[in-house]
Structure formats: C-alpha cells, structure tokens
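Heads up, the thing below is written out as structure tokens.
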Amino acid sequence: YQRRVHGTEDPVIRDLAGGDEEKGHKVFATDTILATLMSSTRSVNSWDISIEVMDNEEDGSKIIFLDKREEFNLVPVNETARDPPVQDVATALAEELALVNQQVSQQVLKKGTKRLVPPGTEPNPFAETQEEQNSVASALYKYRKWKMPNNVSLYARCQLDGVFKNTNSNKNEYYRIYALNEHDPKATEWRKKLETAAGAVLATEIKNNACTLAKWTACSILAGAEYMKLAYVARTNFTNRMEHCLLQVQQYDPVYFARQNLALHPRNMWAIVNTVIDACLKLPEGKYVLLKDPNKQMLHLYLEPPSTSGDEDNGQQDEDDENGDEKPVE
C-alpha cells in the first residue's frame with residue numbers, strides 16, 4: 001500500500017522547518033501541491049489547498065506550509081473532454097485510476113535481491129516499524145530546494161517511482177510512471193489503435209486530460225526525473241473496474257514532452273507558484289484555504305476560521321470569520 005503523508009506530518013520537512021542555518025522566508029510543499037499550482041490554468045474542476053502561515057520571531061521571516069486536503073490524491077478522468085463524466089461517474093473513475101496507478105508503479109519494479117537501490121538511500125521515513133517497511137509501497141523520496149525571489153527558500157518533497165542503470169553511461173537514471181485507464185473501449189479502442197496510431201491515442205488523451213498530464217509532467221520535472229513513462233491500461237472486462245491489463249508503456253523526456261506536446265513552459269509554471277507565495281508572504285499568521293474557482297480561471301484565498309471546539313460559545317463566531325477573508329490571486 002502507499003502512505004499518503006501530509007507535508008506537515010513529514011519528519012524530514014519538520015526538521016528542515018526547525019533548522020536555523022537558513023535565513024529568510026521558508027516555504028514547504030510537495031511535488032503534487034506545486035504541480036497542481038503549475039497546471040492550474042488548465043484545471044476545470046474546483047480544488048483547494050491548505051496554507052499555514054507562521055511568523056519567525058527571531059528574524060521576522062515567514063514559515064509557510066502548503067498542504068493537501070481530503071481526496072486531493074484523486075486524479076480526475078476526462079476533466080477537459082468535450083463531454084466530461086457526471087459527478088458520480090467521475091468519482092468512481094478517479095478512484096479506479098488511483099488504484100491502477102498504485103498497482104502499475106509497483107508492477108514494473110524488480111523484487112528481492114534483483115532490485116537496484118541507489119547509494120545513500122535511507123529507510124522510508126513514514127514506516128516506523130520493520131513490518132511497515134516491508135509492506136509499504138516502494139518509492140524514492142527526494143527533498144529539493146529552490147531559491148525564489150524575495151529571499152524565499154522553497155522546499156519540496158518529490159517522489160520518484162524507479163531507477164535503472166544506463167548501460168551506455170553506467171549511471172543511474174530515474175523515472176516517474178503514470179497510468180492512463182481505458183474505461184470505455186467502444187469509444188477509444190486502444191487494443192487496435194496503440195499498435196498503428198499511438199500518436200493519435202496520445203493526442204486524444206492530451207485533449208481529454210490536459211490538466212492531468214500537465215500535472216504529471218510537472219511532478220516529473222520537479223523530481224528531476226530523466227524519464228516519464230505513460231502506461232496504457234485497459235479493463236479486462238469493460239464492466240469490471242477491478243481487473244485490468246497493461247497494453248503498452250511509452251517513455252518520454254518530461255522537459256521535452258512539456259514543451260512539444262503540452263505547450264507547458266517552465267517560466268510560466270514557476271510564475272504561478274511565485275505569485276501564490278508572494279500573496280502568502282503578505283498574510284498575518286494563521287491558517288488559510290486556497291480555492292480554485294469552479295466557474296472561472298481564478299484562485300481565491302480565504303482565512304480559515306479558528307477552531308472553537310471546547311469553547312462555551314461553540315455555536316458563535318465573528319461575522320468576519322464566517323465570511324472568510326477572500327483575496328483573489330490572479
């Protein structure tokens with residue numbers, strides 16, 4: 001199984017946040033959070049991100065945590081299609097795709113003594129016991145740091161799915177692998193088209209899942225992966241969403257794929273992240289929610305009302321807290 005750990009619960013991120021050697025503002029996130037922001041202009045569905053702003057009293061800087069909220073790991077299916085699925089069907093397809101991606105990421109790995117473990121790799125930080133170490137899904141977490149404008153240090157936990165030895169250069173090369181799921185074979189016919197018209201199949205998926213593919217590509221770039229693999233998976237029986245077969249795996253350079261296939265440029269990707277960080281630096285200490293508008297290409301920033309659990313006036317809140325502090329981020 002895969003453990004989806006919030007960034008604020010990550011022991012490595014907590015250690016980085018408590019370190020005093022780095023001066024200036026600090027922002028902590030995961031590759032999924034950053035990729036969601038980077039691909040937000042292509043998003044149709046609404047989503048939200050939790051933001052916690054803390055003041056560093058020693059030097060007056062800010063410590064900011066960008067974290068996921070519930071069901072954030074579900075990837076929408078056919079979000080940008082001309083006729084996207086209705087809500088109930090979309091949720092079921094997203095859950096199926098999440099399961100398929102988890103299984104594919106483990107299926108392509110070598111097991112036991114044949115597996116390649118990069119030097120310097122430490123045990124999984126989220127598995128506390130030996131039993132959890134043996135049962136948790138295999139993945140490599142890389143903690144990266146970027147220097148942003150306005151004296152901001154951005155830290156992010158990035159994930160890599162596998163590594164292989166390049167026989168020509170004798171170097172380890174890392175990759176991320178994602179799966180696309182064929183849920184309606186009558187409309188797509190992957191079993192026939194992948195052999196003769198793989199480019200047309202990819203073009204259709206880019207059209208129907210523009211935001212999802214942009215997010216996956218951004219995650220691959222953030223993690224520093226040399227390759228991004230796309231696995232085409234189909235249901236064994238189109239009425240059974242629990243059994244699948246792997247049809248084909250294609251491999252791409254994520255930077256080249258972003259520019260040539262998605263028109264996704266690094267400068268624009270980082271500009272969105274920098275705009276959100278700049279808006280957070282102006283906020284007082286507290287908890288906020290960044291919400292993608294369901295009807296417009298706009299992000300809204302709301303103040304999260306303080307918890308009143310255990311208070312005598314549990315049912316009463318200030319009018320300002322009920323309405324929230326809304327600050328659109330263009």
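Just so we're on the same page: first chain in the structure tokens is A, next is B, and so on; residues restart at 1 for each chain, and ligands are numbered from 1 in the order they show up.
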
Can you write out as JSON lines which residues of range 158-200 of chain A fall within 12 Å of range 249-257 of chain A, alongside each residue's closest atom pair and its distance in Å to one decimal, counting only C-alpha atoms and ordering rows by chain and ascending residue number?
{"residue": "A:Glu173", "atom": "CA", "partner": "A:Asp253", "partner_atom": "CA", "distance": 11.6}
{"residue": "A:Tyr174", "atom": "CA", "partner": "A:Asp253", "partner_atom": "CA", "distance": 11.1}
{"residue": "A:Tyr175", "atom": "CA", "partner": "A:Gln251", "partner_atom": "CA", "distance": 9.2}
{"residue": "A:Arg176", "atom": "CA", "partner": "A:Pro254", "partner_atom": "CA", "distance": 9.4}
{"residue": "A:Ile177", "atom": "CA", "partner": "A:Gln251", "partner_atom": "CA", "distance": 8.8}
{"residue": "A:Tyr178", "atom": "CA", "partner": "A:Val249", "partner_atom": "CA", "distance": 9.4}
{"residue": "A:Ala179", "atom": "CA", "partner": "A:Val249", "partner_atom": "CA", "distance": 8.7}
{"residue": "A:Leu180", "atom": "CA", "partner": "A:Val249", "partner_atom": "CA", "distance": 10.0}
{"residue": "A:Leu194", "atom": "CA", "partner": "A:Val249", "partner_atom": "CA", "distance": 10.2}
{"residue": "A:Glu195", "atom": "CA", "partner": "A:Val249", "partner_atom": "CA", "distance": 11.7}
{"residue": "A:Ala198", "atom": "CA", "partner": "A:Gln250", "partner_atom": "CA", "distance": 9.4}
{"residue": "A:Gly199", "atom": "CA", "partner": "A:Gln250", "partner_atom": "CA", "distance": 10.6}

Identify, on the basis of only C-alpha atoms, every residue whose closest approach to Glu95 in chain A does not exceed 12 Å; exclude the query and any residue fewer than 4 positions from it along the same chain; express the result as a ChimeraX atom specification. /A:71-77,88-91,99-102,181,241-242

Serialized selection, N, CA, C and O atoms, as a PDB file, in the first residue's frame:
ATOM      1  N   GLU A  71      -9.040  13.892  -0.190  1.00  0.00           N
ATOM      2  CA  GLU A  71      -9.268  13.397  -1.546  1.00  0.00           C
ATOM      3  C   GLU A  71      -8.465  14.170  -2.584  1.00  0.00           C
ATOM      4  O   GLU A  71      -8.802  14.201  -3.754  1.00  0.00           O
ATOM      5  N   PHE A  72      -7.382  14.807  -2.148  1.00  0.00           N
ATOM      6  CA  PHE A  72      -6.567  15.569  -3.082  1.00  0.00           C
ATOM      7  C   PHE A  72      -5.820  14.657  -4.043  1.00  0.00           C
ATOM      8  O   PHE A  72      -5.435  15.077  -5.139  1.00  0.00           O
ATOM      9  N   ASN A  73      -5.593  13.400  -3.640  1.00  0.00           N
ATOM     10  CA  ASN A  73      -4.806  12.483  -4.469  1.00  0.00           C
ATOM     11  C   ASN A  73      -5.608  11.869  -5.611  1.00  0.00           C
ATOM     12  O   ASN A  73      -5.031  11.208  -6.469  1.00  0.00           O
ATOM     13  N   LEU A  74      -6.916  12.064  -5.626  1.00  0.00           N
ATOM     14  CA  LEU A  74      -7.725  11.526  -6.710  1.00  0.00           C
ATOM     15  C   LEU A  74      -7.511  12.351  -7.978  1.00  0.00           C
ATOM     16  O   LEU A  74      -7.622  13.575  -7.960  1.00  0.00           O
ATOM     17  N   VAL A  75      -7.214  11.661  -9.074  1.00  0.00           N
ATOM     18  CA  VAL A  75      -6.945  12.339 -10.339  1.00  0.00           C
ATOM     19  C   VAL A  75      -8.199  12.279 -11.202  1.00  0.00           C
ATOM     20  O   VAL A  75      -8.711  11.180 -11.465  1.00  0.00           O
ATOM     21  N   PRO A  76      -8.738  13.407 -11.641  1.00  0.00           N
ATOM     22  CA  PRO A  76      -9.953  13.375 -12.463  1.00  0.00           C
ATOM     23  C   PRO A  76      -9.692  12.732 -13.818  1.00  0.00           C
ATOM     24  O   PRO A  76      -8.593  12.806 -14.366  1.00  0.00           O
ATOM     25  N   VAL A  77     -10.724  12.095 -14.353  1.00  0.00           N
ATOM     26  CA  VAL A  77     -10.658  11.420 -15.651  1.00  0.00           C
ATOM     27  C   VAL A  77     -11.501  12.204 -16.654  1.00  0.00           C
ATOM     28  O   VAL A  77     -12.652  12.542 -16.367  1.00  0.00           O
ATOM     29  N   ASP A  88     -20.978  11.468 -10.116  1.00  0.00           N
ATOM     30  CA  ASP A  88     -20.851  10.133  -9.526  1.00  0.00           C
ATOM     31  C   ASP A  88     -19.924   9.248 -10.347  1.00  0.00           C
ATOM     32  O   ASP A  88     -19.078   8.525  -9.802  1.00  0.00           O
ATOM     33  N   VAL A  89     -20.065   9.297 -11.667  1.00  0.00           N
ATOM     34  CA  VAL A  89     -19.201   8.503 -12.544  1.00  0.00           C
ATOM     35  C   VAL A  89     -17.768   9.009 -12.463  1.00  0.00           C
ATOM     36  O   VAL A  89     -16.814   8.220 -12.441  1.00  0.00           O
ATOM     37  N   ALA A  90     -17.590  10.323 -12.414  1.00  0.00           N
ATOM     38  CA  ALA A  90     -16.247  10.902 -12.350  1.00  0.00           C
ATOM     39  C   ALA A  90     -15.522  10.465 -11.080  1.00  0.00           C
ATOM     40  O   ALA A  90     -14.320  10.159 -11.114  1.00  0.00           O
ATOM     41  N   THR A  91     -16.231  10.423  -9.959  1.00  0.00           N
ATOM     42  CA  THR A  91     -15.611   9.984  -8.709  1.00  0.00           C
ATOM     43  C   THR A  91     -15.195   8.524  -8.779  1.00  0.00           C
ATOM     44  O   THR A  91     -14.089   8.159  -8.351  1.00  0.00           O
ATOM     45  N   LEU A  99      -6.182   3.590  -8.047  1.00  0.00           N
ATOM     46  CA  LEU A  99      -5.796   2.212  -7.764  1.00  0.00           C
ATOM     47  C   LEU A  99      -4.903   1.654  -8.872  1.00  0.00           C
ATOM     48  O   LEU A  99      -3.899   0.984  -8.601  1.00  0.00           O
ATOM     49  N   VAL A 100      -5.245   1.956 -10.115  1.00  0.00           N
ATOM     50  CA  VAL A 100      -4.444   1.476 -11.244  1.00  0.00           C
ATOM     51  C   VAL A 100      -3.031   2.049 -11.191  1.00  0.00           C
ATOM     52  O   VAL A 100      -2.042   1.336 -11.401  1.00  0.00           O
ATOM     53  N   ASN A 101      -2.905   3.326 -10.895  1.00  0.00           N
ATOM     54  CA  ASN A 101      -1.583   3.946 -10.824  1.00  0.00           C
ATOM     55  C   ASN A 101      -0.748   3.347  -9.709  1.00  0.00           C
ATOM     56  O   ASN A 101       0.469   3.151  -9.868  1.00  0.00           O
ATOM     57  N   GLN A 102      -1.373   3.048  -8.578  1.00  0.00           N
ATOM     58  CA  GLN A 102      -0.633   2.435  -7.472  1.00  0.00           C
ATOM     59  C   GLN A 102      -0.124   1.055  -7.867  1.00  0.00           C
ATOM     60  O   GLN A 102       1.033   0.704  -7.594  1.00  0.00           O
ATOM     61  N   ASN A 181      -6.122   5.015 -18.035  1.00  0.00           N
ATOM     62  CA  ASN A 181      -7.038   3.874 -17.967  1.00  0.00           C
ATOM     63  C   ASN A 181      -8.118   3.986 -19.036  1.00  0.00           C
ATOM     64  O   ASN A 181      -8.797   5.015 -19.148  1.00  0.00           O
ATOM     65  N   ARG A 241     -14.427  -2.970 -13.128  1.00  0.00           N
ATOM     66  CA  ARG A 241     -13.416  -1.930 -12.940  1.00  0.00           C
ATOM     67  C   ARG A 241     -12.325  -2.324 -11.951  1.00  0.00           C
ATOM     68  O   ARG A 241     -11.515  -1.480 -11.560  1.00  0.00           O
ATOM     69  N   MET A 242     -12.296  -3.616 -11.569  1.00  0.00           N
ATOM     70  CA  MET A 242     -11.293  -4.083 -10.624  1.00  0.00           C
ATOM     71  C   MET A 242     -10.187  -4.912 -11.281  1.00  0.00           C
ATOM     72  O   MET A 242      -9.158  -5.167 -10.665  1.00  0.00           O
TER      73      MET A 242
END

- Task: Give the alpha helix (DSSP H) residues of range 105-327 of chain A, as assigned by DSSP on the backbone, as a PyMOL selection string.
- Result: chain A and resi 105-107+130-135+185-188+190-196+198-208+210-222+254-260+266-281+319-323

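Between CA of Ala279 in chain A and CA of Asp31 in chain A the interatomic distance comes to 19.7 Å.
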
All residues 12 Å or closer to His265 in chain A, only C-alpha atoms, same chain fewer than 5 positions away omitted, as a PyMOL selection string
chain A and resi 38-39+214+217-218+221+254-260+270-272

Notebook entry, point to check: Hey, what's within 7 Å of range 15-24 of chain A if we count only C-alpha atoms and toss same-chain stuff fewer than 2 positions away? As a list in words, please?
Noted result: Pro11, Val12, Ile13, Lys26, Ser61, Asn151 and Val152 of chain A

Practice prompt. Mind checking which residues fall within 8 Å of Glu79 in chain A, counting only C-alpha atoms, ignoring those fewer than 2 positions away in the same chain, and posting them as a ChimeraX atom specification?
Written response: /A:43-45,76-77,81,84-85,208-211

Restricting it to C-alpha atoms, dump the selection as an mmCIF file, in the first residue's frame.
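Everything below was put into out-v3.cif:
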data_model
loop_
_atom_site.group_PDB
_atom_site.id
_atom_site.type_symbol
_atom_site.label_atom_id
_atom_site.label_comp_id
_atom_site.auth_asym_id
_atom_site.auth_seq_id
_atom_site.Cartn_x
_atom_site.Cartn_y
_atom_site.Cartn_z
ATOM 1 C CA SER A 43 -7.949 22.880 -14.492
ATOM 2 C CA VAL A 44 -11.717 22.742 -14.906
ATOM 3 C CA ASN A 45 -12.713 21.183 -11.595
ATOM 4 C CA PRO A 76 -9.953 13.375 -12.463
ATOM 5 C CA VAL A 77 -10.658 11.420 -15.651
ATOM 6 C CA ALA A 81 -13.105 16.464 -22.530
ATOM 7 C CA PRO A 84 -16.861 15.097 -19.146
ATOM 8 C CA PRO A 85 -18.427 12.395 -16.942
ATOM 9 C CA ASN A 208 -9.340 14.962 -22.716
ATOM 10 C CA ASN A 209 -6.895 15.058 -19.777
ATOM 11 C CA ALA A 210 -4.858 18.206 -20.396
ATOM 12 C CA CYS A 211 -4.659 19.180 -16.723
#

Using only C-alpha atoms, the residue out of A:Leu66, A:Arg144, A:Leu160, A:Ala98 with shortest distance to Cys219 in chain A is A:Leu160

Residues within 12 Å of range 280-283 of chain A, only C-alpha atoms, excluding chain neighbours under 3 positions, as a PyMOL selection string = chain A and resi 24-27+50-55+60-66+149-152+273-277+286-290+300-303+325-329

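Distances from A:Leu230, A:Ala263, A:Ala225, A:Val86 to Val201 in chain A were compared using only C-alpha atoms, and the smallest one belongs to A:Leu230.
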
Shortest contact to Tyr155 in chain A, candidates A:Glu122, A:Thr236, A:Tyr143, A:Thr204, atoms counted only C-alpha atoms, goes to A:Tyr143

Discussion item. What parts of range 174-268 of chain A does DSSP call strand (DSSP E)? I'd like the answer as a ChimeraX atom specification.
Written reply: /A:174-182,227-235,244-252

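Here CA of Arg82 in chain A and CA of Asn295 in chain A stand 16.0 Å from one another.
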